[in-house]
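S.K.: This is run.csv, which holds CSV, N, CA and C atoms:
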chain,number,residue,atom,x,y,z
A,189,MET,N,-9.1,42.5,11.0
A,189,MET,CA,-10.4,42.0,11.5
A,189,MET,C,-10.3,40.5,11.5
A,190,ALA,N,-10.8,39.9,12.6
A,190,ALA,CA,-10.8,38.5,12.8
A,190,ALA,C,-11.8,37.8,11.9
A,191,ASP,N,-11.5,36.5,11.6
A,191,ASP,CA,-12.5,35.7,10.8
A,191,ASP,C,-13.6,35.1,11.8
A,192,LEU,N,-14.4,34.2,11.3
A,192,LEU,CA,-15.5,33.7,12.2
A,192,LEU,C,-15.0,32.9,13.4
A,193,TYR,N,-13.7,32.4,13.3
A,193,TYR,CA,-13.2,31.6,14.4
A,193,TYR,C,-12.3,32.4,15.4
A,194,GLY,N,-12.2,33.7,15.1
A,194,GLY,CA,-11.4,34.6,16.0
A,194,GLY,C,-9.9,34.7,15.6
A,195,HIS,N,-9.6,34.1,14.5
A,195,HIS,CA,-8.2,34.2,14.0
A,195,HIS,C,-7.9,35.5,13.4
A,196,LEU,N,-6.8,36.1,13.9
A,196,LEU,CA,-6.4,37.4,13.4
A,196,LEU,C,-5.4,37.2,12.3
A,197,PRO,N,-5.3,38.1,11.4
A,197,PRO,CA,-4.2,38.0,10.3
A,197,PRO,C,-2.9,37.8,11.0
A,198,ARG,N,-2.0,37.0,10.4
A,198,ARG,CA,-0.7,36.7,11.1
A,198,ARG,C,0.2,37.8,11.1
A,199,GLY,N,0.4,38.5,9.9
A,199,GLY,CA,1.4,39.5,9.9
A,199,GLY,C,2.8,38.9,9.8
A,200,PRO,N,3.8,39.8,9.7
A,200,PRO,CA,5.2,39.3,9.6
A,200,PRO,C,5.6,38.5,10.8
A,201,ALA,N,5.2,38.9,12.0
A,201,ALA,CA,5.6,38.1,13.2
A,201,ALA,C,5.0,36.7,13.3
A,202,GLY,N,3.8,36.6,12.8
A,202,GLY,CA,3.1,35.3,12.8
A,202,GLY,C,3.8,34.4,11.8
A,203,VAL,N,4.1,35.0,10.6
A,203,VAL,CA,4.8,34.2,9.6
A,203,VAL,C,6.2,33.7,10.1
A,204,LEU,N,6.9,34.5,10.8
A,204,LEU,CA,8.2,34.1,11.4
A,204,LEU,C,8.0,33.0,12.4
A,205,ARG,N,7.0,33.1,13.3
A,205,ARG,CA,6.7,32.1,14.3
A,205,ARG,C,6.4,30.8,13.6
A,206,ALA,N,5.6,30.8,12.5
A,206,ALA,CA,5.2,29.6,11.8
A,206,ALA,C,6.5,29.0,11.1
A,207,ALA,N,7.3,29.8,10.6
A,207,ALA,CA,8.6,29.3,10.0
A,207,ALA,C,9.5,28.7,11.1
A,208,LYS,N,9.5,29.3,12.3
A,208,LYS,CA,10.3,28.7,13.3
A,208,LYS,C,9.8,27.3,13.7
A,209,TRP,N,8.5,27.2,13.8
A,209,TRP,CA,7.9,25.9,14.2
A,209,TRP,C,8.1,24.9,13.1
A,210,SER,N,8.1,25.3,11.8
A,210,SER,CA,8.4,24.4,10.7
A,210,SER,C,9.9,23.9,10.8
A,211,MET,N,10.8,24.8,11.1
A,211,MET,CA,12.2,24.4,11.3
A,211,MET,C,12.4,23.4,12.4
A,212,LEU,N,11.6,23.6,13.5
A,212,LEU,CA,11.7,22.7,14.6
A,212,LEU,C,11.2,21.3,14.2
A,213,GLY,N,10.1,21.3,13.4
A,213,GLY,CA,9.6,20.0,12.9
A,213,GLY,C,10.6,19.3,12.0
A,214,LEU,N,11.3,20.1,11.1
A,214,LEU,CA,12.3,19.5,10.2
A,214,LEU,C,13.4,18.9,11.1
A,215,ARG,N,13.8,19.7,12.1
A,215,ARG,CA,14.9,19.2,13.0
A,215,ARG,C,14.5,17.9,13.7
A,216,ALA,N,13.3,17.9,14.2
A,216,ALA,CA,12.8,16.7,14.9
A,216,ALA,C,12.8,15.5,14.0
A,217,ALA,N,12.3,15.7,12.8
A,217,ALA,CA,12.3,14.6,11.8
A,217,ALA,C,13.7,14.1,11.5
A,218,TRP,N,14.6,15.0,11.3
A,218,TRP,CA,16.0,14.7,11.0
A,218,TRP,C,16.6,13.9,12.2
A,219,LEU,N,16.3,14.3,13.4
A,219,LEU,CA,16.9,13.7,14.6
A,219,LEU,C,16.3,12.3,14.9
A,220,HIS,N,15.0,12.1,14.6
A,220,HIS,CA,14.3,11.0,15.1
A,220,HIS,C,13.8,10.0,14.1
A,221,GLU,N,13.9,10.4,12.8
A,221,GLU,CA,13.3,9.5,11.8
A,221,GLU,C,14.3,9.2,10.7
A,222,SER,N,14.8,7.9,10.8
A,222,SER,CA,15.8,7.5,9.8
A,222,SER,C,15.3,7.5,8.4
A,223,SER,N,14.0,7.2,8.2
A,223,SER,CA,13.5,7.2,6.8
A,223,SER,C,13.5,8.6,6.2
A,224,PHE,N,13.2,9.6,7.1
A,224,PHE,CA,13.3,11.0,6.6
A,224,PHE,C,14.8,11.4,6.2
A,225,ARG,N,15.7,11.0,7.1
A,225,ARG,CA,17.1,11.2,6.8
A,225,ARG,C,17.5,10.6,5.4
A,226,LEU,N,17.1,9.4,5.2
A,226,LEU,CA,17.4,8.7,3.9
A,226,LEU,C,16.8,9.5,2.7
A,227,GLU,N,15.6,9.9,2.9
A,227,GLU,CA,14.9,10.6,1.8
A,227,GLU,C,15.5,12.0,1.5
A,228,VAL,N,16.0,12.6,2.6
A,228,VAL,CA,16.7,13.9,2.4
A,228,VAL,C,18.0,13.6,1.6
A,229,CYS,N,18.7,12.6,2.0
A,229,CYS,CA,20.0,12.3,1.3
A,229,CYS,C,19.7,11.9,-0.2
A,230,LEU,N,18.7,11.2,-0.4
A,230,LEU,CA,18.3,10.9,-1.8
A,230,LEU,C,18.0,12.2,-2.6
A,231,PHE,N,17.2,13.1,-1.9
A,231,PHE,CA,16.9,14.4,-2.5
A,231,PHE,C,18.1,15.2,-2.8
A,232,LEU,N,19.1,15.1,-2.0
A,232,LEU,CA,20.3,15.9,-2.3
A,232,LEU,C,21.0,15.4,-3.5
A,233,VAL,N,20.8,14.2,-4.0
A,233,VAL,CA,21.3,13.7,-5.2
A,233,VAL,C,20.2,13.9,-6.3
A,234,LEU,N,19.0,13.5,-6.1
A,234,LEU,CA,18.0,13.6,-7.2
A,234,LEU,C,17.5,15.0,-7.5
A,235,GLY,N,17.5,15.9,-6.5
A,235,GLY,CA,17.0,17.2,-6.7
A,235,GLY,C,17.8,18.0,-7.7
A,236,PRO,N,19.2,18.1,-7.5
A,236,PRO,CA,20.0,18.7,-8.5
A,236,PRO,C,20.0,18.0,-9.9
A,237,LEU,N,20.0,16.6,-9.8
A,237,LEU,CA,19.9,15.8,-11.0
A,237,LEU,C,18.7,16.1,-11.8
A,238,GLY,N,17.5,16.2,-11.1
A,238,GLY,CA,16.3,16.5,-11.8
A,238,GLY,C,16.3,17.9,-12.4
A,239,TRP,N,16.9,18.8,-11.7
A,239,TRP,CA,17.0,20.2,-12.2
A,239,TRP,C,17.8,20.2,-13.5
A,240,TRP,N,18.9,19.5,-13.5
A,240,TRP,CA,19.8,19.4,-14.6
A,240,TRP,C,19.2,18.7,-15.8
A,241,LEU,N,18.5,17.6,-15.5
A,241,LEU,CA,17.9,16.8,-16.6
A,241,LEU,C,16.6,17.4,-17.2
A,242,GLY,N,15.9,18.2,-16.4
A,242,GLY,CA,14.7,18.8,-16.9
A,242,GLY,C,15.0,19.7,-18.0
A,243,GLN,N,14.3,19.6,-19.2
A,243,GLN,CA,14.6,20.5,-20.3
A,243,GLN,C,13.7,21.7,-20.3
A,244,THR,N,12.6,21.7,-19.6
A,244,THR,CA,11.8,22.9,-19.5
A,244,THR,C,11.5,23.1,-18.0
A,245,PRO,N,11.0,24.3,-17.7
A,245,PRO,CA,10.6,24.6,-16.3
A,245,PRO,C,9.6,23.6,-15.7
A,246,VAL,N,8.6,23.2,-16.6
A,246,VAL,CA,7.6,22.2,-16.1
A,246,VAL,C,8.3,20.9,-15.8
A,247,GLU,N,9.2,20.4,-16.6
A,247,GLU,CA,9.9,19.1,-16.4
A,247,GLU,C,10.7,19.2,-15.1
A,248,ARG,N,11.4,20.3,-14.9
A,248,ARG,CA,12.1,20.5,-13.6
A,248,ARG,C,11.3,20.4,-12.4
A,249,VAL,N,10.1,21.1,-12.5
A,249,VAL,CA,9.2,21.1,-11.3
A,249,VAL,C,8.7,19.7,-11.1
A,250,LEU,N,8.4,19.0,-12.1
A,250,LEU,CA,7.9,17.6,-12.0
A,250,LEU,C,8.9,16.7,-11.4
A,251,LEU,N,10.2,16.8,-11.9
A,251,LEU,CA,11.2,15.9,-11.4
A,251,LEU,C,11.6,16.2,-10.0
A,252,VAL,N,11.8,17.5,-9.7
A,252,VAL,CA,12.2,17.9,-8.3
A,252,VAL,C,11.0,17.8,-7.4
A,253,GLY,N,9.8,18.3,-7.8
A,253,GLY,CA,8.7,18.3,-7.0
A,253,GLY,C,8.2,16.9,-6.6
A,254,SER,N,8.3,15.9,-7.4
A,254,SER,CA,7.9,14.6,-7.1
A,254,SER,C,8.7,14.1,-5.9
A,255,CYS,N,10.0,14.4,-5.8
A,255,CYS,CA,10.8,14.0,-4.7
A,255,CYS,C,10.4,14.8,-3.4
A,256,LEU,N,10.1,16.1,-3.5
A,256,LEU,CA,9.7,16.9,-2.4
A,256,LEU,C,8.4,16.3,-1.8
A,257,LEU,N,7.5,15.8,-2.6
A,257,LEU,CA,6.2,15.2,-2.1
A,257,LEU,C,6.5,14.0,-1.2
A,258,VAL,N,7.5,13.2,-1.6
A,258,VAL,CA,7.8,12.0,-0.7
A,258,VAL,C,8.2,12.5,0.7
A,259,MET,N,9.1,13.5,0.7
A,259,MET,CA,9.5,14.0,2.0
A,259,MET,C,8.3,14.6,2.8
A,260,ALA,N,7.5,15.3,2.1
A,260,ALA,CA,6.3,15.9,2.8
A,260,ALA,C,5.4,14.8,3.4
A,261,MET,N,5.2,13.8,2.6
A,261,MET,CA,4.3,12.7,3.1
A,261,MET,C,5.0,12.0,4.3
A,262,GLU,N,6.3,11.8,4.2
A,262,GLU,CA,7.1,11.2,5.3
A,262,GLU,C,6.9,12.0,6.6
A,263,LEU,N,6.9,13.3,6.5
A,263,LEU,CA,6.7,14.1,7.6
A,263,LEU,C,5.3,13.9,8.2
A,264,MET,N,4.3,13.8,7.3
A,264,MET,CA,2.9,13.6,7.8
A,264,MET,C,2.8,12.2,8.4
A,265,ASN,N,3.4,11.2,7.8
A,265,ASN,CA,3.4,9.8,8.3
A,265,ASN,C,4.0,9.8,9.7
A,266,SER,N,5.2,10.4,9.8
A,266,SER,CA,5.9,10.4,11.1
A,266,SER,C,5.1,11.1,12.2
A,267,SER,N,4.5,12.2,11.8
A,267,SER,CA,3.7,13.0,12.8
A,267,SER,C,2.5,12.1,13.3
A,268,MET,N,1.9,11.4,12.4
A,268,MET,CA,0.7,10.6,12.7
A,268,MET,C,1.2,9.4,13.6
A,269,GLU,N,2.4,8.8,13.3
A,269,GLU,CA,2.9,7.8,14.2
A,269,GLU,C,3.2,8.3,15.6
A,270,ALA,N,3.7,9.5,15.6
A,270,ALA,CA,4.1,10.1,17.0
A,270,ALA,C,2.8,10.3,17.8
A,271,VAL,N,1.8,10.7,17.2
A,271,VAL,CA,0.5,10.9,17.9
A,271,VAL,C,0.0,9.5,18.4
A,272,ILE,N,0.0,8.5,17.5
A,272,ILE,CA,-0.4,7.2,17.9
A,272,ILE,C,0.4,6.7,19.1
A,273,GLU,N,1.7,6.8,19.0
A,273,GLU,CA,2.6,6.3,20.1
A,273,GLU,C,2.3,7.1,21.4
A,274,ARG,N,1.9,8.4,21.3
A,274,ARG,CA,1.6,9.2,22.4
A,274,ARG,C,0.6,8.6,23.3
A,275,PHE,N,-0.4,7.9,22.7
A,275,PHE,CA,-1.5,7.3,23.4
A,275,PHE,C,-1.2,5.9,23.9
A,276,GLY,N,0.0,5.4,23.6
A,276,GLY,CA,0.3,4.1,24.2
A,276,GLY,C,0.9,3.2,23.1
A,277,SER,N,1.8,2.3,23.6
A,277,SER,CA,2.5,1.4,22.7
A,277,SER,C,1.8,0.1,22.5
A,278,GLU,N,0.7,-0.1,23.2
A,278,GLU,CA,0.0,-1.4,23.1
A,278,GLU,C,-0.5,-1.6,21.7
A,279,ARG,N,-0.6,-2.8,21.2
A,279,ARG,CA,-1.0,-3.1,19.9
A,279,ARG,C,-2.5,-2.9,19.8
A,280,HIS,N,-3.0,-2.1,18.8
A,280,HIS,CA,-4.4,-1.9,18.5
A,280,HIS,C,-4.6,-2.0,17.0
A,281,GLU,N,-5.6,-2.7,16.6
A,281,GLU,CA,-5.9,-2.9,15.2
A,281,GLU,C,-6.0,-1.5,14.4
A,282,LEU,N,-6.7,-0.6,15.0
A,282,LEU,CA,-6.8,0.7,14.3
A,282,LEU,C,-5.5,1.5,14.2
A,283,ALA,N,-4.8,1.4,15.3
A,283,ALA,CA,-3.5,2.1,15.3
A,283,ALA,C,-2.5,1.5,14.2
A,284,GLY,N,-2.5,0.2,14.2
A,284,GLY,CA,-1.7,-0.5,13.2
A,284,GLY,C,-2.2,-0.2,11.8
A,285,ARG,N,-3.5,-0.2,11.6
A,285,ARG,CA,-4.0,0.2,10.3
A,285,ARG,C,-3.6,1.6,9.8
A,286,ALA,N,-3.7,2.5,10.8
A,286,ALA,CA,-3.4,3.9,10.5
A,286,ALA,C,-1.9,4.0,10.1
A,287,LYS,N,-1.0,3.3,10.9
A,287,LYS,CA,0.4,3.4,10.6
A,287,LYS,C,0.7,2.7,9.2
A,288,ASP,N,0.0,1.6,8.9
A,288,ASP,CA,0.3,1.0,7.6
A,288,ASP,C,-0.2,1.9,6.5
A,289,MET,N,-1.3,2.6,6.7
A,289,MET,CA,-1.8,3.4,5.6
A,289,MET,C,-0.9,4.6,5.4
A,290,GLY,N,-0.3,5.2,6.5
A,290,GLY,CA,0.6,6.2,6.3
A,290,GLY,C,1.8,5.8,5.6
A,291,SER,N,2.3,4.6,5.9
A,291,SER,CA,3.5,4.0,5.1
A,291,SER,C,3.1,3.8,3.7
A,292,ALA,N,1.9,3.3,3.4
A,292,ALA,CA,1.4,3.1,2.1
A,292,ALA,C,1.4,4.4,1.3
A,293,ALA,N,1.0,5.5,2.0
A,293,ALA,CA,0.9,6.8,1.3
A,293,ALA,C,2.3,7.3,0.8
A,294,VAL,N,3.3,7.0,1.7
A,294,VAL,CA,4.7,7.3,1.3
A,294,VAL,C,5.1,6.5,0.1
A,295,PHE,N,4.8,5.2,0.2
A,295,PHE,CA,5.1,4.3,-0.9
A,295,PHE,C,4.5,4.7,-2.3
A,296,VAL,N,3.2,5.1,-2.2
A,296,VAL,CA,2.5,5.6,-3.4
A,296,VAL,C,3.3,6.8,-4.0
A,297,LEU,N,3.7,7.7,-3.2
A,297,LEU,CA,4.4,8.9,-3.7
A,297,LEU,C,5.8,8.5,-4.2
A,298,MET,N,6.4,7.4,-3.7
A,298,MET,CA,7.7,6.9,-4.2
A,298,MET,C,7.5,6.4,-5.6
A,299,MET,N,6.3,5.7,-5.8
A,299,MET,CA,6.0,5.1,-7.1
A,299,MET,C,5.7,6.3,-8.1
A,300,ASN,N,5.2,7.4,-7.6
A,300,ASN,CA,5.0,8.6,-8.4
A,300,ASN,C,6.3,9.1,-8.9
A,301,VAL,N,7.3,9.1,-8.0
A,301,VAL,CA,8.7,9.5,-8.4
A,301,VAL,C,9.2,8.7,-9.6
A,302,VAL,N,9.0,7.4,-9.4
A,302,VAL,CA,9.5,6.5,-10.5
A,302,VAL,C,8.7,6.7,-11.8
A,303,LEU,N,7.4,6.9,-11.7
A,303,LEU,CA,6.6,7.2,-12.9
A,303,LEU,C,7.0,8.5,-13.6
A,304,VAL,N,7.1,9.5,-12.8
A,304,VAL,CA,7.4,10.9,-13.4
A,304,VAL,C,8.8,10.8,-14.0
A,305,TRP,N,9.8,10.3,-13.3
A,305,TRP,CA,11.1,10.2,-13.9
A,305,TRP,C,11.2,9.4,-15.1
A,306,ALA,N,10.5,8.2,-15.1
A,306,ALA,CA,10.5,7.3,-16.3
A,306,ALA,C,9.8,8.0,-17.4
A,307,ALA,N,8.6,8.6,-17.2
A,307,ALA,CA,7.8,9.2,-18.3
A,307,ALA,C,8.6,10.3,-18.9
A,308,LEU,N,9.4,11.1,-18.2
A,308,LEU,CA,10.1,12.2,-18.7
A,308,LEU,C,11.4,11.8,-19.3
A,309,LEU,N,12.1,10.9,-18.7
A,309,LEU,CA,13.5,10.6,-19.2
A,309,LEU,C,13.7,9.4,-20.1
A,310,LEU,N,12.9,8.4,-19.9
A,310,LEU,CA,13.0,7.2,-20.8
A,310,LEU,C,12.9,7.5,-22.3
A,311,PRO,N,11.9,8.3,-22.7
A,311,PRO,CA,11.8,8.5,-24.1
A,311,PRO,C,13.0,9.1,-24.7
A,312,ARG,N,13.8,9.9,-24.0
A,312,ARG,CA,15.0,10.5,-24.5
A,312,ARG,C,16.1,9.4,-24.8
A,313,TRP,N,16.1,8.3,-24.0
A,313,TRP,CA,17.1,7.4,-24.1
A,313,TRP,C,16.7,6.1,-24.9
A,314,LEU,N,15.4,6.0,-25.3
A,314,LEU,CA,15.0,4.8,-26.1
A,314,LEU,C,14.9,5.1,-27.5
Go ahead and express the file in the form of structure tokens.

M.R.:
Amino acid sequence: MADLYGHLPRGPAGVLRAAKWSMLGLRAAWLHESSFRLEVCLFLVLGPLGWWLGQTPVERVLLVGSCLLVMAMELMNSSMEAVIERFGSERHELAGRAKDMGSAAVFVLMMNVVLVWAALLLPRWL
């Protein structure tokens, strides 16, 4: 049965279509966004390291998950920038502000990585 907006349940075929679109998005980010490529490379180092250094499942999720959040926000930032560029490359105050805020969101999550890793790992070494 459809919901109020006419959306039918996805079912297995819909889930597979959504997964395909997600893979296309990851491919596009890899091909066109150098920041995303850098963050993936860092994750390939920090992800396994965080899994190894975490002493409990919660610590592992925090260490690895904080890195995943940076990549997710980078994808959102890049998608927003693509939409802004779609409407023209001329300088507009609101477009610039939106791009700066997207960049700031990525930065805030990078600071979250530093905070999580420091809070969990520094007490062990001090």

S.K.: For atom CA of Met268 of chain A and atom CA of Lys287 of chain A, quote the distance in Å rounded to one decimal.

M.R.: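 Interatomic distance here is 7.5 Å.
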
S.K.: Within 9 Å of Glu247 of chain A, counting only C-alpha atoms, which residues show up once you throw out same-chain ones fewer than 5 positions away? Write them as a list in words, please.

M.R.: Gly238, Trp239, Leu241, Gly242, Val252 and Leu308 of chain A

S.K.: Would you mind telling me which residue in A:Ile272, A:Leu237, A:Met261, A:Ala216 lies nearest to Ser291 of chain A when using only C-alpha atoms?

M.R.: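 The closest residue to Ser291 of chain A is A:Met261.
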
S.K.: Considering only N, CA and C atoms, return as a list in words whatever protein or nucleic-acid residues lie within 8 Å of Glu227 of chain A, sequence-local ones (same chain, fewer than 6 positions apart) excluded.

M.R.: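 Answer for this query is Glu221, Val233, Cys255, Val258 and Met259 of chain A.
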
S.K.: Which one is closest to Gln243 of chain A: A:Leu309, A:Val203, A:Leu212, A:Met264? Count only C-alpha atoms.

M.R.: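 Closest to Gln243 of chain A, using only C-alpha atoms: A:Leu309.
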
S.K.: Just to confirm, what's the straight-line distance from atom CA of Arg274 of chain A to atom CA of Asp288 of chain A in Å (one decimal)?

M.R.: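 The value is 17.0 Å.
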
S.K.: Apply DSSP to the structure's backbone, then extract all residues of segment 233-291 of chain A labelled helix (DSSP H, G or I) and return them as a PyMOL selection string.

M.R.: chain A and resi 233-241+245-274+281-291
